[in-house]
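Trainee: Input: one structure, supplied below.
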Amino acid sequence: MIINPLVRPANFKDHQQLSNLIFFETRLHRHMDWRSPLELLGAPFYWALEEGGQVIAALACSPEAKGINWVRMFVYAGRWDVDHAWNMLWATTREEISRSGGATVAAIAMHPWFQQVIAASGFTNRQQIVMLEWRYQPWDGSETNGIRIRKMTEADLPEVEKTDAASFTPLWQNPLDTLRKAFSQTLFATVAEDEHGIVGYQLTTGGRTHAHLARLAVHPSAQGRGAGRSLLNELFARLTQMGVSRLTVNTQSDNDASLGLYQKMGFVRTGERYPVYTFEITPEED
Ligand SMILES: CC(C)(COP(=O)(O)OP(=O)(O)OC[C@H]1O[C@@H](n2cnc3c(N)ncnc32)[C@H](O)[C@@H]1OP(=O)(O)O)[C@@H](O)C(=O)NCCC(=O)NCCS
């Protein structure tokens with residue numbers, strides 16, 4: 001008997017099967033995300049491909065900032081044809097996103113196989129993500145005009161969100177619920193303030209020997225006054241105190257301000273780079 005595969009919304013009952021796929025299959029694209037793909041179950045635009053009662057592939061494309069959906073996860077059982085699995089799931093996702101008003105769908109392609117799949121579907125590569133690292137070295141901790149650095153608290157997050165929204169283009173913005181999730185996972189989070197309030201922030205994750213600067217932003221109205229440098233100087237001091245001697249960061253290859261800042265502060269490029277792809281889905285016409 002031939003059982004035709006079926007695309008249907010993924011749901012909480014798929015938890016076990018999906019976790020097996022995610023754990024055992026090497027054919028997994030996972031977004032650099034604050035949420036695990038299993039936590040996203042129940043979010044919109046999350047589809048499972050089922051054959052004979054078995055989930056054999058899944059695609060999660062849930063929204064982040066308004067009008068932006070990231071491909072947060074695509075996984076398929078290796079015995080299946082990747083193009084077939086992707087095309088079935090992507091066709092449904094496209095249709096549903098279009099029906100609900102359209103969006104930009106974005107993906108950072110960390111694996112060549114995934115890059116091929118999305119490029120073949122018409123995704124366009126507009127940017128690269130590049131990785132840099134800082135290894136312990138003495139730094140210039142000179143004071144900066146009227147900028148104070150302090151520990152971030154949960155109560156700061158609404159103001160932090162405003163700085164985030166003003167500093168990043170929509171593709172890279174983190175809404176409040178994402179910032180909250182991120183904050184709960186950080187090793188070290190600080191804000192930069194001037195006499196009017198919060199003008200910048202950074203979030204760093206990590207462990208005993210290696211930390212990762214996951215987020216750094218300074219409000220455009222306060223840029224160029226040394227707030228970015230002060231946030232990093234304070235971070236270097238804390239990490240050094242904790243015995244952490246390596247700090248990595250990712251940024252966009254065309255982000256001159258952040259590349260200028262990181263290079264000035266002693267970061268060097270590691271050579272790792274990943275393409276960022278986008279696909280525009282227009283709203284369905286009535
Ligand atoms: C990147 C960013 C955090 C820099 O913050 P900032 O407070 O304006 O930077 P500072 O004033 O501390 O500048 C320190 C050094 O960084 C470099 N720099 C800062 N802005 C720069 C720019 N636009 N172009 C090139 N280099 C720049 C300079 O070397 C500067 O030293 P100088 O003032 O002696 O020339 C800020 O531009 C920003 O928030 N951008 C948008 C969000 C973003 O891209 N975040 C990083 C993503 S990973």
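Identifiers in this document derive from the order of the structure tokens: chains are assigned A, B, ..., residues are numbered from 1 separately in each chain, and ligands are numbered from 1 in order of occurrence.
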Report as a VMD selection string which protein, DNA and RNA residues come within 9 Å of ligand 1, using only C-alpha atoms and all ligand atoms.

Mentor: chain A and resid 144 163 to 164 166 to 169 172 199 to 202 213 to 220 222 to 232 249 to 252 255 to 265

Trainee: Identify, with DSSP run on backbone atoms, the residues in stretch 46-126 of chain A assigned to strand (DSSP E), and express the list as a PyMOL selection string.

Mentor: chain A and resi 46-51+54-60+68-70+73-76+103-108+124-126

Trainee: Suppose you want the space between atom CA of A:Phe123 and atom CA of A:Glu39; what is it in Å?

Mentor: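 That distance, rounded to one decimal, is 26.2 Å.
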
Trainee: I need the alpha helix (DSSP H) residues of stretch 61-225 of chain A per DSSP on the backbone, written as a PyMOL selection string.

Mentor: chain A and resi 82-99+112-120+157-167+176-184

Trainee: Would you list the contacts of stretch 3-17 of chain A as JSON, numbers by chain, taking every protein, DNA or RNA residue within 6 Å and counting only C-alpha atoms, but skipping same-chain residues closer than 4 positions in sequence?

Mentor: {"A": [41, 42, 46, 47, 48, 49, 50, 51]}

Trainee: Which residue, A:Thr282, A:Thr93, A:Thr209, A:Thr190, has the smallest gap to A:Met242 when you use only C-alpha atoms?

Mentor: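 Smallest separation from A:Met242 among the options: A:Thr209.
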
Trainee: Excluding same-chain residues fewer than 2 positions from A:Glu133, what lies within 10 Å of it counting only C-alpha atoms, as a ChimeraX atom specification?

Mentor: /A:131,135-136,211-213,246-250,262-263,266-270

Trainee: Export, as a compact mmCIF listing (two decimals), in the first residue's frame, the selected residues with N, CA and C atoms.

Mentor:
# COMPACT_ATOMS: atom_id res chain seq x y z
N MET A 131 32.15 36.02 11.63
CA MET A 131 32.45 35.83 13.04
C MET A 131 33.81 36.45 13.38
N ARG A 135 40.67 37.73 22.09
CA ARG A 135 41.37 36.91 23.08
C ARG A 135 42.00 37.87 24.06
N TYR A 136 42.12 37.43 25.29
CA TYR A 136 42.56 38.36 26.31
C TYR A 136 43.77 39.19 25.85
N ALA A 211 33.08 33.10 25.99
CA ALA A 211 31.81 33.84 26.05
C ALA A 211 31.46 34.30 24.63
N HIS A 212 30.18 34.62 24.44
CA HIS A 212 29.72 35.07 23.13
C HIS A 212 28.89 36.34 23.32
N LEU A 213 29.32 37.39 22.65
CA LEU A 213 28.59 38.66 22.70
C LEU A 213 27.42 38.53 21.72
N ARG A 246 38.26 34.28 26.09
CA ARG A 246 37.89 34.30 24.66
C ARG A 246 36.44 34.76 24.52
N LEU A 247 36.24 35.74 23.64
CA LEU A 247 34.90 36.30 23.40
C LEU A 247 34.66 36.32 21.90
N THR A 248 33.57 35.70 21.47
CA THR A 248 33.25 35.71 20.03
C THR A 248 32.05 36.64 19.78
N VAL A 249 31.89 37.04 18.55
CA VAL A 249 30.75 37.86 18.16
C VAL A 249 30.46 37.63 16.68
N ASN A 250 29.21 37.74 16.29
CA ASN A 250 28.85 37.68 14.86
C ASN A 250 28.33 39.05 14.46
N TYR A 262 34.54 46.61 16.56
CA TYR A 262 35.15 45.36 17.02
C TYR A 262 36.64 45.32 16.66
N GLN A 263 36.98 45.79 15.46
CA GLN A 263 38.38 45.73 15.07
C GLN A 263 39.21 46.69 15.93
N GLY A 266 40.15 45.20 19.24
CA GLY A 266 41.06 44.05 19.26
C GLY A 266 40.47 42.73 18.81
N PHE A 267 39.25 42.73 18.28
CA PHE A 267 38.67 41.49 17.73
C PHE A 267 39.31 41.24 16.36
N VAL A 268 39.45 39.96 16.01
CA VAL A 268 39.92 39.63 14.66
C VAL A 268 38.92 38.68 14.02
N ARG A 269 38.83 38.72 12.71
CA ARG A 269 37.90 37.82 12.01
C ARG A 269 38.42 36.39 12.08
N THR A 270 37.51 35.45 12.31
CA THR A 270 37.94 34.04 12.39
C THR A 270 37.95 33.39 11.00

Trainee: What are the closest atom pairs, with distances in Å to one decimal, for all residues of stretch 166-208 of chain A lying within 10 Å of stretch 33-38 of chain A? Consider only C-alpha atoms, order rows by chain and residue number, and present the result as CSV.

Mentor:
residue,atom,partner,partner_atom,distance
A:Thr178,CA,A:Trp34,CA,7.2
A:Leu179,CA,A:Trp34,CA,8.9
A:Arg180,CA,A:Trp34,CA,9.7
A:Lys181,CA,A:Trp34,CA,6.5
A:Ala182,CA,A:Trp34,CA,5.9
A:Phe183,CA,A:Trp34,CA,9.6
A:Ser184,CA,A:Trp34,CA,9.6
A:Gln185,CA,A:Trp34,CA,8.1

Trainee: What's the 12 Å shell around A:Pro112, counting only C-alpha atoms, without same-chain residues fewer than 6 positions away, as a list of chain:residue names?

Mentor: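 Skipping anything fewer than 6 positions along the chain leaves A:Arg27, A:Leu28, A:His29, A:Ile118, A:Ala119, A:Arg273, A:Tyr274, A:Pro275.
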
Trainee: Since we have the selection now, will you write its residues out, keeping N, CA and C atoms, as a short mmCIF file (atom, residue, chain, number, x, y, z; two decimals), in the first residue's frame?

Mentor:
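Below is the file that was written, result_31.cif:
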data_model
loop_
_atom_site.label_atom_id
_atom_site.label_comp_id
_atom_site.auth_asym_id
_atom_site.auth_seq_id
_atom_site.Cartn_x
_atom_site.Cartn_y
_atom_site.Cartn_z
N ARG A 27 20.58 15.97 9.25
CA ARG A 27 20.02 16.93 8.28
C ARG A 27 19.15 17.92 9.01
N LEU A 28 19.80 18.78 9.74
CA LEU A 28 19.07 19.74 10.58
C LEU A 28 19.60 21.14 10.33
N HIS A 29 18.69 22.04 9.96
CA HIS A 29 19.04 23.47 9.96
C HIS A 29 18.40 24.06 11.19
N ILE A 118 17.50 26.26 -0.29
CA ILE A 118 16.73 27.52 -0.28
C ILE A 118 17.05 28.35 -1.52
N ALA A 119 18.29 28.27 -2.00
CA ALA A 119 18.63 29.02 -3.22
C ALA A 119 17.77 28.49 -4.38
N ARG A 273 32.06 32.45 7.96
CA ARG A 273 31.02 33.34 7.45
C ARG A 273 29.85 32.51 6.93
N TYR A 274 28.67 33.04 7.09
CA TYR A 274 27.47 32.32 6.67
C TYR A 274 26.56 33.27 5.90
N PRO A 275 26.01 32.81 4.77
CA PRO A 275 25.13 33.70 3.99
C PRO A 275 23.74 33.87 4.63
#
